[in-house]
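Shown next: upload16.cif, given as mmCIF, C-alpha atoms and all ligand atoms.
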```cif
data_my_file
#
loop_
_atom_site.label_atom_id
_atom_site.label_comp_id
_atom_site.auth_asym_id
_atom_site.auth_seq_id
_atom_site.Cartn_x
_atom_site.Cartn_y
_atom_site.Cartn_z
CA MET G 96 142.64 57.73 184.92
CA GLU G 97 139.18 57.17 183.69
CA GLY G 98 139.13 60.77 182.45
CA LEU G 99 142.45 60.29 180.66
CA PHE G 100 141.29 57.12 178.91
CA GLY G 101 138.10 58.92 178.10
CA ASP G 102 140.10 61.75 176.42
CA VAL G 103 142.29 59.25 174.52
CA GLY G 104 139.15 57.44 173.42
CA VAL G 105 137.62 60.68 172.09
CA LEU G 106 140.88 61.58 170.32
CA GLY G 107 141.06 58.10 168.79
CA ALA G 108 137.49 58.34 167.63
CA LYS G 109 138.18 61.76 166.10
CA LEU G 110 141.30 60.47 164.30
CA THR G 111 139.42 57.44 163.03
CA GLY G 112 136.68 59.78 161.83
CA ILE G 113 139.21 61.97 160.01
CA LEU G 114 140.84 58.92 158.40
CA VAL G 115 137.47 57.55 157.29
CA VAL G 116 136.47 60.91 155.82
CA TRP G 117 139.95 61.23 154.21
CA GLY G 118 139.59 57.72 152.81
CA LEU G 119 136.23 58.65 151.36
CA ILE G 120 137.40 62.00 149.99
CA THR G 121 140.75 60.90 148.48
CA PRO G 122 139.36 58.88 145.55
CA TRP G 123 137.02 61.77 144.80
CA ALA G 124 139.84 64.30 145.06
CA GLU G 125 141.90 62.22 142.63
CA LYS G 126 138.94 61.97 140.27
CA LEU G 127 138.37 65.72 140.57
CA TRP G 128 142.04 66.36 139.76
CA GLU G 129 141.79 64.04 136.75
CA TRP G 130 138.70 65.90 135.48
CA LEU G 131 140.36 69.26 136.02
CA CYS G 132 143.36 68.08 133.99
CA LYS G 133 141.06 66.85 131.23
CA LEU G 134 139.23 70.17 131.24
CA ARG G 135 142.53 72.06 131.08
CA ASP G 136 143.64 69.87 128.14
CA LEU G 137 140.37 70.60 126.37
CA VAL G 138 140.66 74.35 126.83
CA PHE G 139 144.46 74.54 126.35
CA PRO G 140 145.44 71.45 124.36
CA LYS G 141 149.13 70.54 124.51
CA MET G 142 151.42 67.95 123.03
CA TYR G 143 154.49 66.75 124.86
CA ILE G 144 157.75 65.35 123.60
CA GLU G 145 159.96 63.85 126.27
CA ILE G 146 163.69 63.47 125.84
CA ASP G 147 165.23 61.11 128.39
CA GLU G 148 168.67 61.72 129.83
CA PHE G 149 169.54 58.06 129.33
CA ARG G 150 167.91 55.91 126.68
CA SER G 151 166.80 52.51 127.89
CA GLY G 152 169.74 50.13 127.93
CA LEU G 153 172.22 52.88 127.10
CA LYS G 154 174.97 53.83 129.49
CA LYS G 155 175.99 56.93 127.58
CA ARG G 156 174.06 60.11 128.14
CA ASN G 157 171.55 60.87 125.39
CA LYS G 158 173.18 63.45 123.08
CA ALA G 159 169.83 65.11 122.41
CA TYR G 160 169.34 65.63 126.15
CA SER G 161 172.81 67.20 126.50
CA ALA G 162 172.14 69.46 123.51
CA ILE G 163 168.86 70.65 125.05
CA GLU G 164 170.60 71.26 128.35
CA SER G 165 173.27 73.43 126.69
CA TYR G 166 170.68 75.25 124.62
CA LEU G 167 168.44 76.02 127.60
CA SER G 168 171.46 77.05 129.59
CA SER G 169 172.44 79.54 126.90
CA ILE G 170 168.98 81.10 126.57
CA THR G 171 168.49 81.19 130.33
CA ALA G 172 171.82 82.95 130.82
CA ALA G 173 171.06 85.43 128.04
CA ARG G 174 167.70 86.44 129.45
CA LYS G 175 167.19 89.11 132.03
CA ASN G 176 164.20 87.41 133.62
CA VAL G 177 166.17 84.37 134.66
CA PRO G 178 164.39 81.77 136.78
CA SER G 179 164.31 82.68 140.44
CA THR G 180 166.67 79.89 141.47
CA LEU G 181 169.58 78.74 139.39
CA LYS G 182 171.74 75.73 139.86
CA VAL G 183 175.25 75.82 138.45
CA ASP G 184 177.02 72.75 137.18
CA TRP G 185 180.72 72.97 136.49
CA PHE G 186 182.18 70.37 134.22
CA GLY G 187 185.82 71.38 134.28
CA LYS G 188 187.87 73.58 131.98
CA LYS G 189 186.81 72.15 128.68
CA ARG G 190 183.08 72.24 129.18
CA PRO G 191 180.96 75.30 129.77
CA MET G 192 179.30 76.16 133.03
CA LEU G 193 175.64 75.22 132.86
CA PHE G 194 172.89 77.22 134.48
CA LYS G 195 169.79 75.22 135.25
CA SER G 196 166.47 76.14 136.66
CA ALA G 197 166.56 74.48 140.07
CA ASN G 198 162.81 74.41 140.56
CA ALA G 199 161.97 72.91 137.19
CA GLU G 200 160.46 76.21 136.18
CA VAL G 201 158.88 76.34 132.80
CA ILE G 202 161.18 77.98 130.28
CA LYS G 203 159.21 79.70 127.57
CA ASP G 204 160.72 79.73 124.13
CA GLU G 205 159.73 80.58 120.60
CA PHE G 206 160.59 78.76 117.39
CA GLU G 207 159.62 80.18 113.99
CA GLY G 208 156.90 82.22 115.70
CA VAL G 209 155.51 79.23 117.60
CA LYS G 210 155.41 79.38 121.38
CA VAL G 211 156.84 76.31 123.11
CA GLU G 212 157.73 75.44 126.68
CA TRP G 213 160.56 73.39 128.18
CA GLN G 214 160.52 71.78 131.57
CA LEU G 215 162.85 69.41 133.36
CA GLY G 216 161.00 66.41 134.73
CA THR G 217 161.66 63.23 136.60
CA ARG G 218 160.02 59.90 136.19
CA SER G 219 159.84 57.34 138.98
CA ILE G 220 161.20 54.05 137.77
CA GLY G 221 158.66 51.27 137.90
CA LYS G 222 155.69 53.54 138.56
CA LYS G 223 153.21 54.97 136.20
CA MET G 224 153.05 58.38 137.85
CA ILE G 225 155.04 61.15 136.25
CA PHE G 226 156.14 64.10 138.33
CA LEU G 227 157.62 67.36 137.19
CA LYS G 228 160.18 68.44 139.70
CA SER G 229 163.77 69.48 139.97
CA ALA G 230 166.23 66.90 141.17
CA ALA G 231 166.37 63.25 140.27
CA SER G 232 167.21 60.73 142.95
CA GLY G 233 168.62 57.28 142.34
CA ASP G 234 165.30 55.67 141.48
CA GLU G 235 164.19 58.45 139.18
CA LYS G 236 165.01 59.26 135.59
CA ARG G 237 165.35 62.78 134.31
CA TYR G 238 163.93 64.02 131.05
CA TYR G 239 163.15 67.26 129.30
CA ALA G 240 159.55 67.82 128.27
CA LEU G 241 158.88 70.06 125.30
CA SER G 242 155.24 71.14 125.09
CA PHE G 243 153.39 73.03 122.41
CA HIS G 244 149.95 73.34 120.80
CA PRO G 245 149.10 70.19 118.78
CA LYS G 246 148.46 72.28 115.66
CA HIS G 247 152.24 72.87 115.50
CA TRP G 248 153.07 69.16 115.47
CA ASP G 249 154.19 69.21 111.82
CA LEU G 250 156.62 72.06 112.43
CA VAL G 251 158.11 70.41 115.50
CA LYS G 252 158.26 66.97 113.87
CA ASP G 253 160.04 68.35 110.81
CA ASN G 254 162.69 69.87 113.03
CA VAL G 255 163.45 66.84 115.16
CA TYR G 256 166.58 65.51 113.57
CA TRP G 257 168.72 62.61 114.68
CA ASP G 258 167.32 59.84 116.80
CA PHE G 259 169.85 57.74 118.70
CA ALA G 260 169.85 54.01 119.18
CA ARG G 261 172.40 51.61 120.56
CA LEU G 262 174.36 49.70 117.97
CA ASP G 263 175.22 46.39 119.49
CA HIS G 264 175.73 44.11 116.53
CA PRO G 265 178.46 41.49 116.37
CA ALA G 266 179.08 41.90 112.60
CA ASN G 267 182.77 41.83 111.82
CA PHE G 268 185.10 41.19 108.92
CA ASN G 269 186.24 37.80 110.24
CA SER G 270 182.83 36.25 109.68
CA PHE G 271 182.19 38.17 106.47
CA ALA G 272 182.21 35.96 103.36
CA MET G 273 184.19 37.66 100.60
CA ASP G 274 187.25 37.19 98.47
CA SER G 275 189.98 37.41 101.10
CA GLU G 276 192.25 39.68 99.06
CA LYS G 277 189.44 42.16 98.47
CA LYS G 278 188.48 41.97 102.11
CA MET G 279 192.05 42.74 103.23
CA GLY G 280 192.10 45.65 100.77
CA ILE G 281 189.00 47.15 102.39
CA ILE G 282 190.29 46.64 105.91
CA LYS G 283 193.64 48.26 105.03
CA ASP G 284 191.87 51.15 103.35
CA LEU G 285 189.68 51.75 106.41
CA ILE G 286 192.60 51.61 108.83
CA ALA G 287 194.67 53.95 106.64
CA PHE G 288 191.74 56.36 106.67
CA LYS G 289 191.38 56.23 110.43
CA ASN G 290 195.10 56.89 110.90
CA GLY G 291 195.20 59.47 108.11
CA LYS G 292 195.03 62.69 110.10
CA GLU G 293 198.55 63.75 109.20
CA TYR G 294 198.10 62.79 105.51
CA TYR G 295 194.85 64.72 105.12
CA SER G 296 196.16 67.83 106.83
CA ARG G 297 199.44 67.74 104.85
CA THR G 298 197.68 67.37 101.51
CA GLY G 299 194.90 69.83 102.39
CA LYS G 300 192.24 67.27 101.54
CA THR G 301 189.00 66.92 103.47
CA TRP G 302 189.32 64.01 105.90
CA LYS G 303 186.50 61.97 104.45
CA ARG G 304 186.13 58.89 102.31
CA GLY G 305 183.27 57.54 100.25
CA TYR G 306 182.34 53.89 99.76
CA LEU G 307 179.77 52.63 97.31
CA LEU G 308 178.45 49.18 98.19
CA TYR G 309 176.45 47.56 95.45
CA GLY G 310 174.92 44.18 94.71
CA PRO G 311 171.66 42.24 94.86
CA PRO G 312 169.56 42.20 98.06
CA GLY G 313 170.94 40.07 100.88
CA THR G 314 174.56 40.04 99.75
CA GLY G 315 175.90 41.76 102.84
CA LYS G 316 175.86 45.51 102.19
CA SER G 317 174.30 46.41 105.54
CA SER G 318 176.44 43.81 107.30
CA MET G 319 179.57 45.35 105.85
CA ILE G 320 178.60 48.79 107.20
CA LEU G 321 178.21 47.28 110.66
CA ALA G 322 181.56 45.52 110.32
CA MET G 323 183.16 48.83 109.29
CA ALA G 324 181.67 50.60 112.32
CA ASN G 325 182.87 47.86 114.65
CA LEU G 326 186.35 47.81 113.13
CA LEU G 327 186.82 51.58 113.36
CA ASP G 328 184.71 52.16 116.45
CA TYR G 329 182.75 54.87 114.66
CA ASP G 330 179.08 55.80 115.07
CA ILE G 331 176.68 55.18 112.20
CA TYR G 332 174.43 58.02 111.02
CA ASP G 333 171.68 56.50 108.91
CA LEU G 334 170.43 59.27 106.65
CA GLU G 335 166.88 58.58 105.46
CA LEU G 336 166.77 61.03 102.58
CA THR G 337 163.06 60.73 101.97
CA THR G 338 162.42 62.42 105.29
CA VAL G 339 164.77 65.33 104.63
CA LYS G 340 162.61 68.29 103.70
CA ASP G 341 165.08 70.45 101.79
CA ASN G 342 168.74 71.43 101.39
CA ALA G 343 168.61 73.60 104.50
CA MET G 344 167.47 70.67 106.60
CA LEU G 345 170.11 68.42 105.02
CA LYS G 346 172.73 71.00 105.96
CA SER G 347 171.44 71.28 109.55
CA LEU G 348 171.52 67.50 109.89
CA LEU G 349 175.04 67.22 108.60
CA ILE G 350 176.62 69.91 110.70
CA GLU G 351 175.34 68.09 113.78
CA ILE G 352 177.34 64.97 112.93
CA PRO G 353 180.53 64.78 114.98
CA ARG G 354 183.86 63.27 113.93
CA ARG G 355 184.39 59.54 113.64
CA ALA G 356 181.10 58.91 111.92
CA ILE G 357 179.87 56.71 109.10
CA ILE G 358 177.09 58.49 107.25
CA VAL G 359 174.96 55.96 105.42
CA VAL G 360 172.46 56.50 102.63
CA GLU G 361 170.88 53.13 101.92
CA ASP G 362 169.28 52.32 98.57
CA ILE G 363 170.50 55.59 97.16
CA ASP G 364 168.78 54.79 93.83
CA SER G 365 165.36 54.91 95.40
CA SER G 366 166.11 57.44 98.13
CA LEU G 367 165.22 60.52 96.16
CA GLU G 368 164.68 61.48 92.58
CA ILE G 369 168.03 63.16 92.53
CA THR G 370 169.76 60.19 90.95
CA GLY G 371 169.97 59.62 87.22
CA LYS G 372 168.19 62.88 86.42
CA ARG G 373 170.97 63.80 84.06
CA LYS G 374 170.10 60.85 81.83
CA THR G 375 167.00 62.62 80.60
CA GLY G 376 169.32 65.07 78.85
CA ASN G 377 173.02 64.78 78.22
CA GLU G 378 173.61 61.09 78.67
CA ASP G 379 177.38 61.14 79.08
CA ASP G 380 178.26 64.65 80.00
CA GLU G 381 179.34 64.33 83.57
CA ALA G 382 180.56 67.90 83.79
CA ASN G 383 177.01 69.18 83.39
CA SER G 384 175.67 66.93 86.03
CA ASP G 385 176.20 69.16 89.03
CA ASP G 386 174.23 71.96 87.44
CA GLU G 387 171.37 69.76 86.40
CA ASP G 388 168.86 70.87 88.97
CA ASP G 389 167.49 74.36 89.04
CA GLY G 390 168.65 75.11 92.57
CA GLU G 391 165.06 75.40 93.69
CA GLY G 392 164.71 71.71 94.34
CA LYS G 393 162.28 69.26 92.84
CA GLN G 394 159.02 68.00 94.24
CA THR G 395 159.52 64.26 94.52
CA SER G 396 156.88 61.64 93.90
CA ARG G 397 156.90 61.09 97.67
CA GLY G 398 155.63 64.59 98.12
CA LYS G 399 157.66 66.78 100.37
CA SER G 400 161.42 66.59 99.90
CA THR G 401 163.04 69.28 97.82
CA VAL G 402 166.67 68.23 98.27
CA THR G 403 168.50 69.03 95.04
CA LEU G 404 171.27 67.15 93.30
CA SER G 405 173.68 70.04 93.80
CA GLY G 406 172.70 70.23 97.48
CA PHE G 407 173.32 66.54 97.83
CA LEU G 408 176.65 66.67 96.00
CA ASN G 409 177.78 69.47 98.30
CA PHE G 410 177.16 67.05 101.12
CA VAL G 411 179.08 64.25 99.43
CA ASP G 412 181.98 66.58 98.63
CA GLY G 413 182.20 67.41 102.28
CA ILE G 414 181.31 71.09 102.06
CA TRP G 415 178.72 70.73 104.77
CA SER G 416 179.63 67.49 106.33
CA ALA G 417 183.34 68.02 106.84
CA SER G 418 183.33 69.94 110.10
CA GLY G 419 185.73 68.09 112.33
CA GLY G 420 186.62 65.68 109.53
CA GLU G 421 187.05 61.93 109.95
CA LYS G 422 183.83 60.98 108.25
CA ILE G 423 183.00 58.10 106.00
CA ILE G 424 180.09 58.29 103.58
CA VAL G 425 178.54 55.04 102.40
CA PHE G 426 175.96 54.63 99.67
CA THR G 427 174.31 51.28 99.08
CA THR G 428 172.36 50.26 96.03
CA ASN G 429 170.90 47.19 94.40
CA HIS G 430 170.96 48.93 91.00
CA VAL G 431 174.34 50.50 90.40
CA ASN G 432 173.45 51.18 86.76
CA LYS G 433 170.63 53.48 87.75
CA LEU G 434 172.92 55.92 89.52
CA ASP G 435 174.04 59.20 88.09
CA PRO G 436 177.76 58.73 87.31
CA ALA G 437 178.48 62.14 88.84
CA LEU G 438 177.24 60.91 92.18
CA ILE G 439 179.59 57.95 92.33
CA ARG G 440 182.64 59.14 90.44
CA LYS G 441 186.04 58.57 92.06
CA GLY G 442 186.74 61.39 94.46
CA ARG G 443 183.19 61.29 95.66
CA MET G 444 182.88 57.57 96.15
CA ASP G 445 186.52 56.53 96.48
CA MET G 446 185.92 52.78 96.63
CA HIS G 447 183.30 50.82 94.73
CA ILE G 448 182.69 47.46 96.37
CA GLU G 449 180.57 44.72 94.86
N1 LIG C 501 178.94 38.17 102.41
C1 LIG C 501 178.29 37.85 103.52
N2 LIG C 501 178.96 37.33 104.57
C2 LIG C 501 178.33 36.99 105.69
N3 LIG C 501 176.99 37.15 105.90
C3 LIG C 501 176.27 37.64 104.89
C4 LIG C 501 176.88 38.02 103.66
N4 LIG C 501 175.92 38.50 102.84
C5 LIG C 501 174.78 38.41 103.53
N5 LIG C 501 174.98 37.92 104.75
C6 LIG C 501 173.97 37.68 105.79
O1 LIG C 501 172.70 37.75 105.14
C7 LIG C 501 171.81 38.60 105.81
C8 LIG C 501 171.38 39.75 104.93
O2 LIG C 501 172.50 40.57 104.62
P1 LIG C 501 172.45 42.15 104.53
O3 LIG C 501 171.22 42.68 105.19
O4 LIG C 501 173.74 42.67 104.98
O5 LIG C 501 172.27 42.30 102.98
P2 LIG C 501 172.04 43.62 102.10
O6 LIG C 501 172.89 43.48 100.89
O7 LIG C 501 172.25 44.82 102.93
O8 LIG C 501 170.53 43.47 101.72
P3 LIG C 501 169.51 44.60 101.21
O9 LIG C 501 169.98 45.08 99.88
O10 LIG C 501 168.20 43.86 101.15
O11 LIG C 501 169.52 45.67 102.27
C9 LIG C 501 172.51 39.06 107.06
O12 LIG C 501 172.09 38.27 108.13
C10 LIG C 501 174.00 38.80 106.79
O13 LIG C 501 174.66 38.47 107.95
#
```
Encoded form using C-alpha cells:
Amino acid sequence: MEGLFGDVGVLGAKLTGILVVWGLITPWAEKLWEWLCKLRDLVFPKMYIEIDEFRSGLKKRNKAYSAIESYLSSITAARKNVPSTLKVDWFGKKRPMLFKSANAEVIKDEFEGVKVEWQLGTRSIGKKMIFLKSAASGDEKRYYALSFHPKHWDLVKDNVYWDFARLDHPANFNSFAMDSEKKMGIIKDLIAFKNGKEYYSRTGKTWKRGYLLYGPPGTGKSSMILAMANLLDYDIYDLELTTVKDNAMLKSLLIEIPRRAIIVVEDIDSSLEITGKRKTGNEDDEANSDDEDDGEGKQTSRGKSTVTLSGFLNFVDGIWSASGGEKIIVFTTNHVNKLDPALIRKGRMDMHIE
C-alpha cells in the first residue's frame, strides 16, 4: 500500500511539474506565435477583407457572400487541381449545386493580373479570437476572407461594388405631408407600375419608370423614396455617382441590380459634371444633348470619375439597367433648373414631383 501511494505521489508530482512547466511555457508560446505572425506580416504583408454570411441584425443572407460562394464554386469546379476534399450543397432544382472546399483550403485566384486568395472562415461569437476552419457551429459566424498584397488596395477597393444595409424605416405615405390629390396620383402611379408586367410586355416597353423629385433641402425627397420602397416592398440601390470610376463600372454596377429595385441618384445636379454640360453650347437643342460628350469621358473636378453623359443616359434609358425589368429610377435635386433637360425629359423621368 505504501508503495502504491508512493507511486501515486510520484505521478502526482510529475503531473504537477508538467502543469507548472506548461503554465510557464504557454504565455511564452503565445508570445512566440504572435511574434512569428508579425514577422510573417512584415515579410509577406497582406490585407484582408471579410464578407460575413449574415450582416449584423440582418436575417437575410448577405448577397455578397452568396455571390462569392457561387463564384468560388464555379472556379473550383472548373479547375483540375480541385481542393482535396469537396463538400456538395444541393439547393433543389432551381439553384445550382455548390462545391465547397471542406477544409477551408485557400483558393488562389487572379484578378487583372493581381494574385488574391479566398478562404472560408468562422468567427466565434463573443470572443476576440478568429479561427479559419471549415464548418460553422451554432455559436460561430461564417465569412469569406479575401487577402491580397496591400499595394493592390486601390484596385480591390475600386472593384467592390454594392454594400448592403438593412432598411428599417417607418416612412410611409400616410404620414407624408403633401397635397392629397397629388399624393394619391403618385401612389396610383406606383401601384400601376408594380402591377404593370402585362402592360409592359404587351407594349414592348422596358419595365422601368423614372421619378424626378425636386425642391429645397428638407422638403421630404429622401422620405418619399423610403415611402415608395415601403409601399412597393422594393429594395433601394443608392448610386453614389462620384465613386463610380467610369462607364464600364457603371454598367457592372447596374447589371448586378435585381428586379424590384429603386435606383436612387441623390443630388443629381452635384453628383457629376455630366449635368448641364450642353448649356455651354447649344442652349435649347435637346436632340444634340446625347452626343455632347466625346465618348471618352471627362475628368471631373473630384478627380477620378469618367462617367459620360451618354453612358449615364444609357443607364437611364434602361439599356444596361433593364435586365429583369421592374426598376424605378429616382433622381433628387435641390436645383431643378441646373439639370440638363435631356436628362429629365419625359420618357426618361416620367414623373416630376415637387
Ligand atoms: N412633406 C413631408 N412630410 C413629412 N415629413 C417631412 C416632409 N418633408 C420633410 N419631412 C421630414 O423632414 C426631415 C427631412 O426630410 P428629407 O430628408 O426627406 O428631406 P430632403 O428633401 O431629402 O432633404 P435634402 O435635400 O437635404 O436631402 C425628415 O425627418 C422628414 O421626415
(Q) Please identify all protein, DNA and RNA residues within 7 Å of ligand LIG 501 (chain C), counting only C-alpha atoms and all ligand atoms, and report them as a VMD selection string. (A) chain G and resid 270 to 273 310 to 319 428 to 429
Q: Find the spatial neighbours of Ile357 in chain G, counting only C-alpha atoms, within a cut-off of 12 Å - ignore same-chain residues fewer than 3 positions away - and output them as a ChimeraX atom specification.
A: /G:285,289,303-306,319-334,349,352-354,360,416,420-426
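Interatomic distance, CA of Lys126 in chain G against CA of Arg218 in chain G: 21.6 Å.
Of note, CA of His244 in chain G and CA of Gly216 in chain G are spaced 19.1 Å apart.
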Q: Check the smallest atom-to-atom distance from each of G:Arg355, G:Ser242, G:Glu129, G:Asp249 to Asn290 in chain G using all atoms listed in the file, then report the winner.
A: G:Arg355
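With only C-alpha atoms as the atoms that count, the residue of G:Glu164, G:Ile146, G:Ile120, G:Ile350 with the shortest distance to Thr217 in chain G is G:Ile146.
As for CA of Glu361 in chain G and CA of Gly291 in chain G, they are spaced 25.9 Å apart.
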